[in-house]
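Student: You'll find final-v2.cif just under this line, and it carries mmCIF, C-alpha atoms.
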```cif
data_model
loop_
_atom_site.group_PDB
_atom_site.id
_atom_site.type_symbol
_atom_site.label_atom_id
_atom_site.label_comp_id
_atom_site.auth_asym_id
_atom_site.auth_seq_id
_atom_site.Cartn_x
_atom_site.Cartn_y
_atom_site.Cartn_z
ATOM 1 C CA MET Z 74 175.727 114.837 135.342
ATOM 2 C CA THR Z 75 174.466 116.888 132.392
ATOM 3 C CA GLU Z 76 170.775 117.625 131.868
ATOM 4 C CA ALA Z 77 170.866 115.385 128.783
ATOM 5 C CA SER Z 78 172.227 112.413 130.725
ATOM 6 C CA ALA Z 79 169.560 112.888 133.433
ATOM 7 C CA ARG Z 80 166.724 112.308 130.929
ATOM 8 C CA LYS Z 81 165.872 108.871 129.631
ATOM 9 C CA PRO Z 82 168.048 108.573 126.498
ATOM 10 C CA SER Z 83 166.553 107.922 123.086
ATOM 11 C CA ARG Z 84 167.807 105.220 120.732
ATOM 12 C CA ILE Z 85 169.839 107.811 118.810
ATOM 13 C CA GLN Z 86 171.344 109.131 122.027
ATOM 14 C CA LEU Z 87 172.281 105.614 123.133
ATOM 15 C CA ARG Z 88 173.870 105.003 119.735
ATOM 16 C CA ASN Z 89 175.836 108.249 119.890
ATOM 17 C CA ARG Z 90 177.039 107.559 123.427
ATOM 18 C CA LYS Z 91 178.271 104.143 122.273
ATOM 19 C CA ILE Z 92 180.050 105.717 119.300
ATOM 20 C CA ILE Z 93 181.700 108.285 121.576
ATOM 21 C CA MET Z 94 182.753 105.690 124.149
ATOM 22 C CA ASP Z 95 184.241 103.449 121.472
ATOM 23 C CA ALA Z 96 186.099 106.366 119.912
ATOM 24 C CA ALA Z 97 187.351 107.478 123.329
ATOM 25 C CA LEU Z 98 188.562 103.968 124.114
ATOM 26 C CA ASP Z 99 190.596 104.002 120.922
ATOM 27 C CA VAL Z 100 192.061 107.447 121.658
ATOM 28 C CA PHE Z 101 192.811 106.828 125.345
ATOM 29 C CA SER Z 102 194.372 103.430 124.644
ATOM 30 C CA ARG Z 103 196.737 105.033 122.106
ATOM 31 C CA TYR Z 104 197.606 108.312 123.790
ATOM 32 C CA GLY Z 105 196.827 107.818 127.470
ATOM 33 C CA TYR Z 106 194.689 110.212 129.489
ATOM 34 C CA ARG Z 107 197.133 113.103 129.385
ATOM 35 C CA GLY Z 108 197.808 112.827 125.668
ATOM 36 C CA ALA Z 109 194.175 112.433 124.623
ATOM 37 C CA THR Z 110 191.981 115.409 123.765
ATOM 38 C CA LEU Z 111 188.273 115.929 123.202
ATOM 39 C CA ASP Z 112 189.097 117.056 119.671
ATOM 40 C CA GLN Z 113 190.746 113.691 118.974
ATOM 41 C CA ILE Z 114 187.753 111.839 120.413
ATOM 42 C CA ALA Z 115 185.355 113.959 118.344
ATOM 43 C CA ASP Z 116 187.359 113.312 115.160
ATOM 44 C CA GLN Z 117 187.487 109.588 115.862
ATOM 45 C CA ALA Z 118 183.740 109.503 116.555
ATOM 46 C CA GLY Z 119 182.871 111.608 113.515
ATOM 47 C CA LEU Z 120 181.004 114.072 115.727
ATOM 48 C CA SER Z 121 181.549 117.677 116.717
ATOM 49 C CA LYS Z 122 183.150 118.626 120.024
ATOM 50 C CA PRO Z 123 179.935 120.339 121.213
ATOM 51 C CA ASN Z 124 178.120 117.092 120.403
ATOM 52 C CA ILE Z 125 180.535 115.197 122.639
ATOM 53 C CA LEU Z 126 179.877 117.694 125.442
ATOM 54 C CA TYR Z 127 176.127 117.206 125.026
ATOM 55 C CA TYR Z 128 176.554 113.631 126.251
ATOM 56 C CA PHE Z 129 179.496 113.948 128.656
ATOM 57 C CA ASP Z 130 180.813 116.576 131.064
ATOM 58 C CA GLY Z 131 184.302 116.416 129.581
ATOM 59 C CA LYS Z 132 187.327 114.232 128.964
ATOM 60 C CA GLU Z 133 187.571 113.013 132.551
ATOM 61 C CA ASP Z 134 183.887 112.039 132.634
ATOM 62 C CA ILE Z 135 184.359 109.843 129.560
ATOM 63 C CA HIS Z 136 187.558 108.327 130.927
ATOM 64 C CA VAL Z 137 186.026 107.503 134.312
ATOM 65 C CA GLN Z 138 183.009 105.859 132.682
ATOM 66 C CA LEU Z 139 185.294 103.732 130.509
ATOM 67 C CA LEU Z 140 187.286 102.659 133.568
ATOM 68 C CA ASN Z 141 184.110 101.842 135.488
ATOM 69 C CA GLN Z 142 182.977 99.571 132.647
ATOM 70 C CA LEU Z 143 186.412 98.003 132.413
ATOM 71 C CA MET Z 144 186.812 96.984 136.049
ATOM 72 C CA GLU Z 145 183.898 94.553 136.135
ATOM 73 C CA SER Z 146 185.106 92.631 133.099
ATOM 74 C CA TRP Z 147 188.729 92.898 134.227
ATOM 75 C CA LEU Z 148 188.029 91.191 137.565
ATOM 76 C CA ASP Z 149 185.764 88.514 136.117
ATOM 77 C CA PRO Z 150 188.440 85.965 135.067
ATOM 78 C CA LEU Z 151 190.065 85.994 138.521
ATOM 79 C CA GLY Z 152 186.661 85.712 140.161
ATOM 80 C CA HIS Z 153 186.022 82.504 138.209
ATOM 81 C CA MET Z 154 188.967 80.722 139.829
ATOM 82 C CA ASP Z 155 187.122 77.995 141.757
ATOM 83 C CA ALA Z 156 188.480 76.886 145.136
ATOM 84 C CA ALA Z 157 186.711 73.530 144.693
ATOM 85 C CA GLY Z 158 188.286 72.838 141.302
ATOM 86 C CA ASP Z 159 191.518 71.117 140.351
ATOM 87 C CA PRO Z 160 194.245 73.625 141.338
ATOM 88 C CA LEU Z 161 196.435 73.407 138.245
ATOM 89 C CA SER Z 162 193.436 73.351 135.909
ATOM 90 C CA GLU Z 163 191.990 76.427 137.615
ATOM 91 C CA ILE Z 164 195.215 78.398 137.271
ATOM 92 C CA LEU Z 165 195.765 77.367 133.652
ATOM 93 C CA GLY Z 166 192.156 78.260 132.955
ATOM 94 C CA TYR Z 167 192.817 81.687 134.402
ATOM 95 C CA VAL Z 168 195.848 82.084 132.129
ATOM 96 C CA ARG Z 169 193.722 81.145 129.103
ATOM 97 C CA ARG Z 170 190.972 83.583 130.090
ATOM 98 C CA LYS Z 171 193.499 86.401 130.469
ATOM 99 C CA LEU Z 172 194.985 85.627 127.048
ATOM 100 C CA GLU Z 173 191.513 85.573 125.549
ATOM 101 C CA MET Z 174 190.902 89.040 126.971
ATOM 102 C CA THR Z 175 194.172 90.147 125.386
ATOM 103 C CA ARG Z 176 192.914 88.801 122.062
ATOM 104 C CA GLU Z 177 189.439 90.338 122.310
ATOM 105 C CA PHE Z 178 190.046 93.534 124.293
ATOM 106 C CA PRO Z 179 193.541 94.890 123.557
ATOM 107 C CA ARG Z 180 192.420 98.513 123.782
ATOM 108 C CA GLU Z 181 190.928 97.941 127.222
ATOM 109 C CA SER Z 182 194.199 96.370 128.362
ATOM 110 C CA ARG Z 183 196.163 99.406 127.205
ATOM 111 C CA LEU Z 184 193.621 101.747 128.810
ATOM 112 C CA PHE Z 185 194.149 99.948 132.118
ATOM 113 C CA ALA Z 186 197.937 99.935 131.739
ATOM 114 C CA ASN Z 187 198.045 103.666 130.964
ATOM 115 C CA GLU Z 188 195.947 104.453 134.027
ATOM 116 C CA ILE Z 189 198.208 102.375 136.294
ATOM 117 C CA LEU Z 190 201.376 103.919 134.829
ATOM 118 C CA GLN Z 191 200.010 107.351 135.715
ATOM 119 C CA GLY Z 192 199.518 106.296 139.341
ATOM 120 C CA ALA Z 193 195.854 105.219 139.036
ATOM 121 C CA PRO Z 194 194.475 108.725 139.780
ATOM 122 C CA ARG Z 195 190.960 107.759 138.678
ATOM 123 C CA MET Z 196 191.039 103.995 139.301
ATOM 124 C CA GLY Z 197 192.587 104.024 142.781
ATOM 125 C CA PRO Z 198 189.263 103.521 144.631
ATOM 126 C CA HIS Z 199 188.397 100.556 142.383
ATOM 127 C CA LEU Z 200 191.748 98.930 143.124
ATOM 128 C CA GLU Z 201 191.134 99.263 146.859
ATOM 129 C CA SER Z 202 187.468 98.264 146.941
ATOM 130 C CA GLY Z 203 187.286 95.790 144.067
ATOM 131 C CA LEU Z 204 190.641 94.313 143.128
ATOM 132 C CA LYS Z 205 192.359 94.113 146.518
ATOM 133 C CA PRO Z 206 189.721 91.995 148.334
ATOM 134 C CA LEU Z 207 189.431 89.628 145.364
ATOM 135 C CA PHE Z 208 193.216 89.401 145.040
ATOM 136 C CA GLU Z 209 193.571 88.547 148.746
ATOM 137 C CA LYS Z 210 190.782 85.963 148.554
ATOM 138 C CA LYS Z 211 192.306 84.184 145.557
ATOM 139 C CA THR Z 212 195.879 84.274 146.858
ATOM 140 C CA ALA Z 213 194.549 82.623 150.033
ATOM 141 C CA VAL Z 214 192.933 79.908 147.888
ATOM 142 C CA ILE Z 215 196.211 79.301 146.055
ATOM 143 C CA GLN Z 216 198.131 79.269 149.322
ATOM 144 C CA GLY Z 217 195.721 76.634 150.619
ATOM 145 C CA TRP Z 218 196.329 74.464 147.560
ATOM 146 C CA MET Z 219 200.060 74.742 148.152
ATOM 147 C CA ALA Z 220 199.717 73.934 151.838
ATOM 148 C CA ASP Z 221 197.823 70.775 150.853
ATOM 149 C CA GLY Z 222 200.642 69.753 148.530
ATOM 150 C CA LYS Z 223 198.522 70.162 145.387
ATOM 151 C CA LEU Z 224 200.817 72.822 143.927
ATOM 152 C CA ALA Z 225 204.517 73.567 144.245
ATOM 153 C CA GLN Z 226 205.418 76.252 146.772
ATOM 154 C CA VAL Z 227 205.696 79.732 145.269
ATOM 155 C CA ASP Z 228 204.476 83.109 146.453
ATOM 156 C CA PRO Z 229 200.868 83.228 145.169
ATOM 157 C CA ARG Z 230 200.949 87.023 144.921
ATOM 158 C CA HIS Z 231 203.919 86.963 142.560
ATOM 159 C CA LEU Z 232 202.296 84.088 140.678
ATOM 160 C CA ILE Z 233 199.262 86.251 139.881
ATOM 161 C CA PHE Z 234 201.493 89.217 139.040
ATOM 162 C CA SER Z 235 203.421 87.032 136.603
ATOM 163 C CA ILE Z 236 200.201 85.823 134.970
ATOM 164 C CA TRP Z 237 199.104 89.418 134.505
ATOM 165 C CA SER Z 238 202.428 90.514 133.057
ATOM 166 C CA THR Z 239 202.892 87.576 130.682
ATOM 167 C CA THR Z 240 199.351 87.658 129.294
ATOM 168 C CA GLN Z 241 198.776 91.419 129.083
ATOM 169 C CA HIS Z 242 202.194 91.906 127.478
ATOM 170 C CA TYR Z 243 200.738 90.852 124.123
ATOM 171 C CA ALA Z 244 198.239 93.737 124.194
ATOM 172 C CA ASP Z 245 200.206 96.410 126.035
ATOM 173 C CA PHE Z 246 203.377 95.914 123.940
ATOM 174 C CA ASP Z 247 201.556 95.024 120.738
ATOM 175 C CA ALA Z 248 203.622 97.424 118.587
ATOM 176 C CA GLN Z 249 206.800 95.630 119.627
ATOM 177 C CA VAL Z 250 205.269 92.168 119.306
ATOM 178 C CA GLN Z 251 204.045 92.932 115.766
ATOM 179 C CA VAL Z 252 207.558 93.868 114.662
ATOM 180 C CA LEU Z 253 209.087 90.731 116.147
ATOM 181 C CA MET Z 254 206.235 88.291 115.365
ATOM 182 C CA PRO Z 255 203.905 89.769 112.690
ATOM 183 C CA ASP Z 256 201.329 86.939 112.632
ATOM 184 C CA SER Z 257 199.185 88.082 115.578
ATOM 185 C CA GLU Z 258 196.876 85.049 115.663
ATOM 186 C CA ALA Z 259 199.812 82.634 115.633
ATOM 187 C CA VAL Z 260 201.478 84.699 118.363
ATOM 188 C CA LEU Z 261 198.591 84.280 120.795
ATOM 189 C CA ASP Z 262 198.129 80.611 119.945
ATOM 190 C CA GLY Z 263 201.820 80.044 120.604
ATOM 191 C CA ALA Z 264 201.649 82.143 123.764
ATOM 192 C CA GLU Z 265 198.895 79.945 125.177
ATOM 193 C CA SER Z 266 200.905 76.781 124.611
ATOM 194 C CA TYR Z 267 204.085 78.351 125.985
ATOM 195 C CA LEU Z 268 202.463 79.790 129.105
ATOM 196 C CA GLU Z 269 200.625 76.563 129.901
ATOM 197 C CA THR Z 270 203.951 74.719 129.754
ATOM 198 C CA LEU Z 271 205.657 77.417 131.815
ATOM 199 C CA PHE Z 272 203.106 77.470 134.632
ATOM 200 C CA THR Z 273 202.613 73.698 134.594
ATOM 201 C CA LYS Z 274 206.338 73.161 135.170
ATOM 202 C CA LEU Z 275 206.414 75.885 137.821
ATOM 203 C CA LEU Z 276 203.432 74.618 139.796
ATOM 204 C CA THR Z 277 203.611 70.826 139.499
ATOM 205 C CA PRO Z 278 204.671 69.478 142.938
#
```
Could I get this file's structure written as structure tokens?

Tutor:
Amino acid sequence: MTEASARKPSRIQLRNRKIIMDAALDVFSRYGYRGATLDQIADQAGLSKPNILYYFDGKEDIHVQLLNQLMESWLDPLGHMDAAGDPLSEILGYVRRKLEMTREFPRESRLFANEILQGAPRMGPHLESGLKPLFEKKTAVIQGWMADGKLAQVDPRHLIFSIWSTTQHYADFDAQVQVLMPDSEAVLDGAESYLETLFTKLLTP
């Protein structure tokens, strides 16, 4: 931690850190960790490179802090799947929440995807300590619903994987989607209807 970050930050410092983090999110989501540079982040933030280094120890420090912020919000929709709720409604609600994150946080989705594609060198511990226990808990809930005959029998792990891939596709492959379907708002509205139909047909006993 730098000496500056150890002191209680002023309002200007908090504002500058937010500007830097937002600029870094934009750069990392476009170029990935390896392709991003501090110079690009500084240009995007409208600050000098030494100014960036006043607030952060370097590129990796910024990237790790972005990932740390991301994980809590990334796990939240899955955590809201309620074992006491109606099974199909809970799963469709999860699909809608994931699509809403795609709509609101496309850069965060691409940041996550880039980190995973590189082997999760900085996010690996979060996947083990945060995602894996939650994933196992929720797949057990889904398996219980299936055992009770409330949902059709499918592998709950692959079900969650398919929800991730079909919802995050619209953010991670946005450049391709925009060429094929330029009206982005209509795309996500249509995606919600399509995916609800898809998973309803798959999971109805």

Student: Tell me which of Z:Pro255, Z:Leu126, Z:Pro278, Z:Thr239 sits closest to Asp221 in chain Z, counting only C-alpha atoms.

Tutor: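 Answer, going by the shortest atom-to-atom distance: Z:Pro278.
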
Student: Contacts of Pro179 in chain Z at 7 Å or less, counting only C-alpha atoms, minus same-chain residues fewer than 4 places along, as a list in words?

Tutor: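 Listed by chain and then number, they are Thr175, Arg183 and Ala244 of chain Z.
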
Student: Any idea what's packed within 12 Å of Phe178 in chain Z, counting only C-alpha atoms, ignoring anything in its chain fewer than 3 positions away? Could you give it as a list in words?

Tutor: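 Within the cut-off, the hits are Asp95, Leu98, Asp99, Ser102, Leu143, Ser146, Trp147, Arg170, Lys171, Leu172, Glu173, Met174, Thr175, Glu181, Ser182, Arg183, Leu184, Phe185, Gln241, Tyr243, Ala244 and Asp245 of chain Z.
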
Student: Exactly which residues make up the result of the PyMOL selection byres ((chain Z and resi 157-162) around 8) on this file, given as an MDAnalysis selection string?

Tutor: chainID Z and resid 155:156 163:166 215 218 223:224 273 276:277

Student: Between CA of Leu261 in chain Z and CA of Ile233 in chain Z, what is the distance in Å, rounded to a tenth?

Tutor: 19.2 Å

Student: For Asn124 in chain Z, which residue among Z:Ile93, Z:Leu139, Z:Ala109, Z:Leu275 is the nearest when counting all atoms listed in the file?

Tutor: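 Checking each of Z:Ile93, Z:Leu139, Z:Ala109, Z:Leu275 against Asn124 in chain Z, counting all atoms listed in the file, the winner is Z:Ile93.
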
Student: Skipping near chain neighbours, those fewer than 4 positions away, what residues fall within 8 Å of range 190-207 of chain Z using only C-alpha atoms, listed as number ranges by chain?

Tutor: Z: 137, 140, 144, 148, 151-152, 186, 211

Student: Would you mind exporting C-alpha atoms of the selected residues as a compact mmCIF listing (two decimals), in the coordinates of the input?

Tutor:
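Saved file out.txt follows:
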```txt
# COMPACT_ATOMS: atom_id res chain seq x y z
CA VAL Z 137 186.03 107.50 134.31
CA LEU Z 140 187.29 102.66 133.57
CA MET Z 144 186.81 96.98 136.05
CA LEU Z 148 188.03 91.19 137.56
CA LEU Z 151 190.06 85.99 138.52
CA GLY Z 152 186.66 85.71 140.16
CA ALA Z 186 197.94 99.94 131.74
CA LYS Z 211 192.31 84.18 145.56
```

Student: Between Z:Gln251, Z:Gln216, Z:Ser83, Z:Thr110, which one has atoms that come closest to Ile135 in chain Z, using all atoms listed in the file?

Tutor: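 Going through Z:Gln251, Z:Gln216, Z:Ser83, Z:Thr110 one by one, the smallest distance to Ile135 in chain Z is for Z:Thr110.
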
Student: Looking at Z:Ala97, Z:Leu268, Z:Leu253, Z:Ile92, which one is nearest to Asp134 in chain Z, with distances taken over all atoms listed in the file?

Tutor: Z:Ala97

Student: Check the smallest atom-to-atom distance from each of Z:Lys81, Z:Pro123, Z:Met94, Z:Arg180 to Phe246 in chain Z using only C-alpha atoms, then report the winner.

Tutor: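 Distance minimum relative to Phe246 in chain Z lands on Z:Arg180.
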
Student: Would you kindly return, as a PyMOL selection string, each protein, DNA or RNA residue with an atom no farther than 7 Å from any atom of Thr212 in chain Z, considering all atoms listed in the file and excluding same-chain residues fewer than 4 positions away?

Tutor: chain Z and resi 208+216+229-230

Student: Write the residues you've just listed into a file as a PDB file, in the frame of the given file, and include C-alpha atoms for each of them.

Tutor:
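Final output, result-v2.pdb:
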```
ATOM      1  CA  PHE Z 208     193.216  89.401 145.040  1.00  0.00           C
ATOM      2  CA  GLN Z 216     198.131  79.269 149.322  1.00  0.00           C
ATOM      3  CA  PRO Z 229     200.868  83.228 145.169  1.00  0.00           C
ATOM      4  CA  ARG Z 230     200.949  87.023 144.921  1.00  0.00           C
TER       5      ARG Z 230
END
```

Student: Which residue is closest to Thr270 in chain Z? Choose from Z:Asp228, Z:Glu258, Z:Glu209, Z:Val168 and count only C-alpha atoms.

Tutor: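 Comparing Z:Asp228, Z:Glu258, Z:Glu209, Z:Val168 against Thr270 in chain Z, the winner is Z:Val168.
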